[in-house]
Amino acid sequence: MVDQRVLKQIVGIDIGMESFYACYQVMRQDGSVLIKGTKSFTNTTKGMKALWGWCKKREKGSVQPTVYVMEATGVYYENLAYFLYENGEKVSVQLAQKLTYFAKSNNLKTKTDKVDSKMIATFGIEKALDKKDHWTPPSKEFKVIRDLSREHTNLKKELTAAKSQLHAMDYAHYTYKKVVEIKKEMIAFYEKQLKAVEKELKALVKADEGLWEKIQNIVTVKGLRFITVVKVLSEVNGFLLFNNIRQLVSYAGLDVVAKESGKHRGKTRISKKGNARIRSALYMPALTAATHNSSLKNFYERVNHNRTIKKQGIVAVMRKLLILIYTLWKKEEAYIENYGMC
């Protein structure tokens, strides 16, 4: 017999690298909320199938679809999100900032995987999650672009490390000649691979005329190159999850956190709780923009006025560049320097 009393069915999932915790909640017509179960699963294909079967048993007899709600935590949520989506389930991926604020508003002080899964389920029960909140995966082409962008970042790190090691060898008391040759070969290899990845990325982006045109608009900003813009866009999936700049800045971990308690005034700093790849992609462009982009250079100097440590100015420019990418992407316009942006 179909139970018409159920209005909502939500599975809140707190996901980690190796495992995830799920909480199954339903809301009835009288407003009451019932927890049908909580359980831990391994973050593997076997664990995902076990979750799906566990949830199917609990949704029997209801006409309301189950919505699986999870946090956008690094890349750990992706395999489960794809698995559920490909099996016809409704998935809602929420920004960490939204869930953190929700937990604070409910005065939740205990933080465990089980408690977090219940909190995420309650979030899904209380919020009106409509179609725009349902997750859809990026196109295959966009996912390939993201994978290539991340490989470019990895190769850059390896190249930088190899060059540093070679520099140290040059100044060492004695280094075996063959070791130096090997290190130089490694550097040549990384440089060759970087060029190959960049060439492939450009070919993929150019194949999508609309994407290429949007990126060409963004790279009119002095300090932003093609590779940087592609890396940012691939990490935010074309800004699909973001409704405003505040959400985006928080996701990148570039939001400002102030520690104050009574008379104590702690240092103001960025949260660094967001996507580290975005911050990494924007750091060098921010240094360039602070030197060669006149409006951003003025902004950088204003932020650093009377400061001995200049790092805050660079972070502020990173944040400004991220906002520029978002704005130009949404407006589909080229950058006009000194046009009220700083």
# chains A, B, ... in the order shown; residues from 1 in each chain; ligands from 1
>>> residues_around(residues="segment 213-225 of chain A", least_positions_apart="2", cutoff="12 Å", atoms="only C-alpha atoms", output="MDAnalysis selection string")
chainID A and resid 198 202 205:211 227:234 238 281:297 317:318 320:339 341
>>> closest_atom_pairs(of="segment 60-106 of chain A", to="segment 247-250 of chain A", cutoff="12 Å", atoms="only C-alpha atoms", output="CSV")
residue,atom,partner,partner_atom,distance
A:Gln94,CA,A:Gln247,CA,10.7
A:Leu95,CA,A:Gln247,CA,7.8
A:Ala96,CA,A:Ser250,CA,8.6
A:Gln97,CA,A:Ser250,CA,6.7
A:Lys98,CA,A:Gln247,CA,8.3
A:Leu99,CA,A:Gln247,CA,11.7
A:Thr100,CA,A:Ser250,CA,11.2
A:Tyr101,CA,A:Gln247,CA,11.7
>>> atom_distance(atom1="atom CA of Asn154 of chain A", atom2="atom CA of Ala316 of chain A")
25.2 Å
>>> closest_residue(among="A:Val6, A:Ala50, A:Met70, A:Val75", to="Arg150 of chain A", atoms="only C-alpha atoms")
A:Val75
>>> closest_residue(among="A:Lys57, A:His167, A:Asn107, A:Val11", to="Lys90 of chain A", atoms="only C-alpha atoms")
A:Val11
>>> closest_residue(among="A:Leu254, A:Val93, A:Val236, A:Ile10", to="Glu71 of chain A", atoms="only C-alpha atoms")
A:Val93
>>> select_by_dssp(residues="segment 156-309 of chain A", states="alpha helix (DSSP H)", output="MDAnalysis selection string")
chainID A and resid 156:171 177:207 209:218 226:235 245:251 276:292 294:303
>>> write_last_selection(atoms="C-alpha atoms", output="JSON list (two decimals), in the first residue's frame")
[["chain", "number", "residue", "atom", "x", "y", "z"],
["A", 156, "LYS", "CA", 54.40, 22.14, -12.77],
["A", 157, "LYS", "CA", 55.05, 21.05, -9.20],
["A", 158, "GLU", "CA", 57.37, 18.25, -10.33],
["A", 159, "LEU", "CA", 59.22, 20.65, -12.65],
["A", 160, "THR", "CA", 59.68, 23.24, -9.90],
["A", 161, "ALA", "CA", 60.95, 20.57, -7.50],
["A", 162, "ALA", "CA", 63.38, 19.18, -10.09],
["A", 163, "LYS", "CA", 64.75, 22.65, -10.86],
["A", 164, "SER", "CA", 65.25, 23.36, -7.16],
["A", 165, "GLN", "CA", 67.12, 20.07, -6.76],
["A", 166, "LEU", "CA", 69.34, 20.87, -9.74],
["A", 167, "HIS", "CA", 70.06, 24.32, -8.31],
["A", 168, "ALA", "CA", 71.11, 22.70, -5.02],
["A", 169, "MET", "CA", 73.39, 20.28, -6.91],
["A", 170, "ASP", "CA", 75.09, 23.19, -8.66],
["A", 171, "TYR", "CA", 76.09, 24.64, -5.30],
["A", 177, "LYS", "CA", 77.94, 13.95, -12.94],
["A", 178, "LYS", "CA", 75.47, 11.21, -13.91],
["A", 179, "VAL", "CA", 72.98, 12.36, -11.25],
["A", 180, "VAL", "CA", 73.06, 15.88, -12.70],
["A", 181, "GLU", "CA", 72.44, 14.49, -16.19],
["A", 182, "ILE", "CA", 69.46, 12.48, -14.95],
["A", 183, "LYS", "CA", 68.00, 15.56, -13.24],
["A", 184, "LYS", "CA", 68.38, 17.60, -16.44],
["A", 185, "GLU", "CA", 66.65, 14.84, -18.42],
["A", 186, "MET", "CA", 63.78, 14.90, -15.91],
["A", 187, "ILE", "CA", 63.41, 18.66, -16.31],
["A", 188, "ALA", "CA", 63.38, 18.33, -20.12],
["A", 189, "PHE", "CA", 60.74, 15.59, -19.82],
["A", 190, "TYR", "CA", 58.47, 17.69, -17.59],
["A", 191, "GLU", "CA", 58.81, 20.71, -19.89],
["A", 192, "LYS", "CA", 57.91, 18.57, -22.91],
["A", 193, "GLN", "CA", 54.87, 17.11, -21.14],
["A", 194, "LEU", "CA", 53.69, 20.55, -20.04],
["A", 195, "LYS", "CA", 53.77, 21.80, -23.63],
["A", 196, "ALA", "CA", 51.86, 18.70, -24.78],
["A", 197, "VAL", "CA", 49.17, 19.21, -22.11],
["A", 198, "GLU", "CA", 48.82, 22.91, -22.96],
["A", 199, "LYS", "CA", 48.48, 22.07, -26.66],
["A", 200, "GLU", "CA", 45.80, 19.46, -25.94],
["A", 201, "LEU", "CA", 43.91, 21.85, -23.65],
["A", 202, "LYS", "CA", 43.83, 24.57, -26.31],
["A", 203, "ALA", "CA", 42.62, 22.10, -28.93],
["A", 204, "LEU", "CA", 39.79, 20.90, -26.67],
["A", 205, "VAL", "CA", 38.69, 24.41, -25.71],
["A", 206, "LYS", "CA", 38.82, 25.70, -29.29],
["A", 207, "ALA", "CA", 36.54, 22.83, -30.32],
["A", 209, "GLU", "CA", 33.35, 27.87, -29.82],
["A", 210, "GLY", "CA", 31.28, 29.34, -26.98],
["A", 211, "LEU", "CA", 33.79, 28.28, -24.31],
["A", 212, "TRP", "CA", 36.73, 29.60, -26.33],
["A", 213, "GLU", "CA", 35.03, 32.98, -26.84],
["A", 214, "LYS", "CA", 34.24, 33.34, -23.13],
["A", 215, "ILE", "CA", 37.84, 32.54, -22.17],
["A", 216, "GLN", "CA", 39.17, 35.02, -24.74],
["A", 217, "ASN", "CA", 37.09, 37.70, -23.03],
["A", 218, "ILE", "CA", 38.56, 36.82, -19.62],
["A", 226, "PHE", "CA", 44.66, 30.91, -20.80],
["A", 227, "ILE", "CA", 45.95, 28.14, -18.51],
["A", 228, "THR", "CA", 44.98, 29.99, -15.32],
["A", 229, "VAL", "CA", 41.44, 30.69, -16.53],
["A", 230, "VAL", "CA", 40.93, 27.10, -17.68],
["A", 231, "LYS", "CA", 42.14, 25.77, -14.32],
["A", 232, "VAL", "CA", 39.72, 27.98, -12.39],
["A", 233, "LEU", "CA", 36.78, 27.22, -14.68],
["A", 234, "SER", "CA", 37.39, 23.48, -14.54],
["A", 235, "GLU", "CA", 37.53, 23.51, -10.72],
["A", 245, "ILE", "CA", 30.36, 36.01, -5.48],
["A", 246, "ARG", "CA", 30.36, 35.37, -1.72],
["A", 247, "GLN", "CA", 29.77, 31.64, -2.26],
["A", 248, "LEU", "CA", 32.55, 31.49, -4.84],
["A", 249, "VAL", "CA", 35.11, 33.30, -2.67],
["A", 250, "SER", "CA", 34.30, 31.01, 0.24],
["A", 251, "TYR", "CA", 34.61, 27.90, -1.96],
["A", 276, "ALA", "CA", 43.40, 24.80, -2.79],
["A", 277, "ARG", "CA", 43.80, 24.26, -6.55],
["A", 278, "ILE", "CA", 42.04, 27.57, -7.25],
["A", 279, "ARG", "CA", 44.31, 29.43, -4.83],
["A", 280, "SER", "CA", 47.37, 27.76, -6.36],
["A", 281, "ALA", "CA", 46.26, 28.72, -9.89],
["A", 282, "LEU", "CA", 45.73, 32.37, -8.92],
["A", 283, "TYR", "CA", 48.88, 33.04, -6.88],
["A", 284, "MET", "CA", 51.40, 33.74, -9.67],
["A", 285, "PRO", "CA", 48.85, 35.65, -11.81],
["A", 286, "ALA", "CA", 48.17, 37.85, -8.76],
["A", 287, "LEU", "CA", 51.87, 38.68, -8.50],
["A", 288, "THR", "CA", 51.89, 39.60, -12.19],
["A", 289, "ALA", "CA", 48.68, 41.63, -11.99],
["A", 290, "ALA", "CA", 49.96, 43.55, -8.93],
["A", 291, "THR", "CA", 52.88, 44.71, -11.09],
["A", 292, "HIS", "CA", 51.49, 45.13, -14.61],
["A", 294, "SER", "CA", 47.41, 49.44, -13.36],
["A", 295, "SER", "CA", 44.04, 49.24, -11.57],
["A", 296, "LEU", "CA", 44.97, 46.08, -9.65],
["A", 297, "LYS", "CA", 48.40, 47.54, -8.88],
["A", 298, "ASN", "CA", 46.70, 50.56, -7.28],
["A", 299, "PHE", "CA", 44.38, 48.23, -5.39],
["A", 300, "TYR", "CA", 47.35, 46.14, -4.18],
["A", 301, "GLU", "CA", 49.17, 49.26, -2.96],
["A", 302, "ARG", "CA", 46.08, 50.53, -1.11],
["A", 303, "VAL", "CA", 45.65, 47.21, 0.69]]
>>> residues_around(residues="Phe83 of chain A", least_positions_apart="6", cutoff="12 Å", atoms="only C-alpha atoms", output="list in words")
Asn43, Thr44, Thr45, Lys46, Gly47, Met48, Lys49, Ala50, Leu51, Trp52, Tyr68, Tyr77, Glu89, Lys90, Val91, Thr136 and Pro137 of chain A
>>> write_last_selection(atoms="C-alpha atoms", output="mmCIF file, in the first residue's frame")
data_model
loop_
_atom_site.group_PDB
_atom_site.id
_atom_site.type_symbol
_atom_site.label_atom_id
_atom_site.label_comp_id
_atom_site.auth_asym_id
_atom_site.auth_seq_id
_atom_site.Cartn_x
_atom_site.Cartn_y
_atom_site.Cartn_z
ATOM 1 C CA ASN A 43 33.794 4.931 -0.470
ATOM 2 C CA THR A 44 34.133 2.206 -3.105
ATOM 3 C CA THR A 45 31.862 0.839 -5.820
ATOM 4 C CA LYS A 46 30.859 -1.955 -3.452
ATOM 5 C CA GLY A 47 29.995 0.579 -0.740
ATOM 6 C CA MET A 48 27.987 2.707 -3.166
ATOM 7 C CA LYS A 49 25.940 -0.308 -4.275
ATOM 8 C CA ALA A 50 25.367 -1.187 -0.625
ATOM 9 C CA LEU A 51 24.116 2.367 0.066
ATOM 10 C CA TRP A 52 21.780 2.261 -2.909
ATOM 11 C CA TYR A 68 20.706 12.357 -1.940
ATOM 12 C CA TYR A 77 32.064 13.098 -3.472
ATOM 13 C CA GLU A 89 18.713 9.137 -8.591
ATOM 14 C CA LYS A 90 18.313 12.809 -7.690
ATOM 15 C CA VAL A 91 21.531 14.242 -6.259
ATOM 16 C CA THR A 136 24.204 17.286 -13.104
ATOM 17 C CA PRO A 137 27.699 16.157 -14.058
#
>>> closest_residue(among="A:Gly124, A:Gly37, A:Pro138, A:Gly253", to="Phe239 of chain A", atoms="only C-alpha atoms")
A:Pro138
>>> residues_around(residues="segment 16-23 of chain A", least_positions_apart="2", cutoff="8 Å", atoms="only C-alpha atoms", output="JSON, numbers by chain")
{"A": [11, 12, 13, 14, 25, 35, 36, 37, 38, 39, 40, 41, 42, 43, 44, 51, 73, 76, 77, 113, 114, 117, 118, 121]}
>>> write_last_selection(atoms="N, CA and C atoms", output="compact mmCIF listing (two decimals), in the first residue's frame")
# COMPACT_ATOMS: atom_id res chain seq x y z
N VAL A 11 18.41 11.65 1.89
CA VAL A 11 19.57 10.91 2.42
C VAL A 11 20.71 11.91 2.55
N GLY A 12 21.09 12.21 3.78
CA GLY A 12 22.22 13.11 4.02
C GLY A 12 23.50 12.29 4.07
N ILE A 13 24.51 12.72 3.32
CA ILE A 13 25.75 11.94 3.22
C ILE A 13 26.94 12.80 3.61
N ASP A 14 27.67 12.36 4.63
CA ASP A 14 28.93 13.00 5.00
C ASP A 14 30.05 12.14 4.43
N GLN A 25 16.27 10.30 6.23
CA GLN A 25 15.19 11.00 6.94
C GLN A 25 13.99 11.17 6.03
N ILE A 35 13.76 9.52 11.35
CA ILE A 35 15.03 8.96 10.86
C ILE A 35 14.83 7.46 10.66
N LYS A 36 14.96 7.02 9.41
CA LYS A 36 14.78 5.61 9.10
C LYS A 36 16.06 4.79 9.23
N GLY A 37 17.16 5.48 9.49
CA GLY A 37 18.40 4.74 9.68
C GLY A 37 19.63 5.59 9.40
N THR A 38 20.74 5.22 10.03
CA THR A 38 22.05 5.81 9.74
C THR A 38 23.04 4.66 9.60
N LYS A 39 23.98 4.81 8.67
CA LYS A 39 24.91 3.70 8.44
C LYS A 39 26.17 4.20 7.73
N SER A 40 27.28 3.55 8.00
CA SER A 40 28.55 3.87 7.36
C SER A 40 28.82 2.92 6.20
N PHE A 41 29.42 3.44 5.13
CA PHE A 41 29.75 2.65 3.95
C PHE A 41 31.17 3.00 3.48
N THR A 42 31.81 2.07 2.82
CA THR A 42 33.12 2.37 2.25
C THR A 42 32.94 3.18 0.97
N ASN A 43 33.88 4.09 0.73
CA ASN A 43 33.79 4.93 -0.47
C ASN A 43 34.39 4.17 -1.66
N THR A 44 33.75 3.07 -1.99
CA THR A 44 34.13 2.21 -3.10
C THR A 44 32.87 1.86 -3.88
N LEU A 51 24.92 1.20 -0.30
CA LEU A 51 24.12 2.37 0.07
C LEU A 51 22.83 2.39 -0.74
N THR A 73 33.06 18.20 -1.27
CA THR A 73 34.30 18.06 -0.52
C THR A 73 35.40 17.54 -1.45
N TYR A 76 36.23 13.81 -3.38
CA TYR A 76 35.76 12.58 -2.76
C TYR A 76 34.29 12.26 -3.03
N TYR A 77 33.50 13.32 -3.26
CA TYR A 77 32.06 13.10 -3.47
C TYR A 77 31.75 12.66 -4.90
N ASP A 113 31.13 12.12 11.94
CA ASP A 113 30.57 11.75 10.64
C ASP A 113 29.07 11.48 10.74
N LYS A 114 28.68 10.79 11.82
CA LYS A 114 27.27 10.45 12.01
C LYS A 114 26.43 11.70 12.23
N SER A 117 26.15 13.71 8.95
CA SER A 117 25.21 13.13 7.98
C SER A 117 23.77 13.46 8.36
N LYS A 118 23.50 13.45 9.66
CA LYS A 118 22.16 13.81 10.13
C LYS A 118 21.87 15.28 9.86
N ALA A 121 21.12 15.73 6.21
CA ALA A 121 19.77 15.24 5.92
C ALA A 121 18.72 16.25 6.38
>>> select_by_dssp(residues="segment 200-319 of chain A", states="strand (DSSP E)", output="list in words")
Val256, Val257, Glu260, Ser261, His264, Arg265, Arg269 and Ile270 of chain A
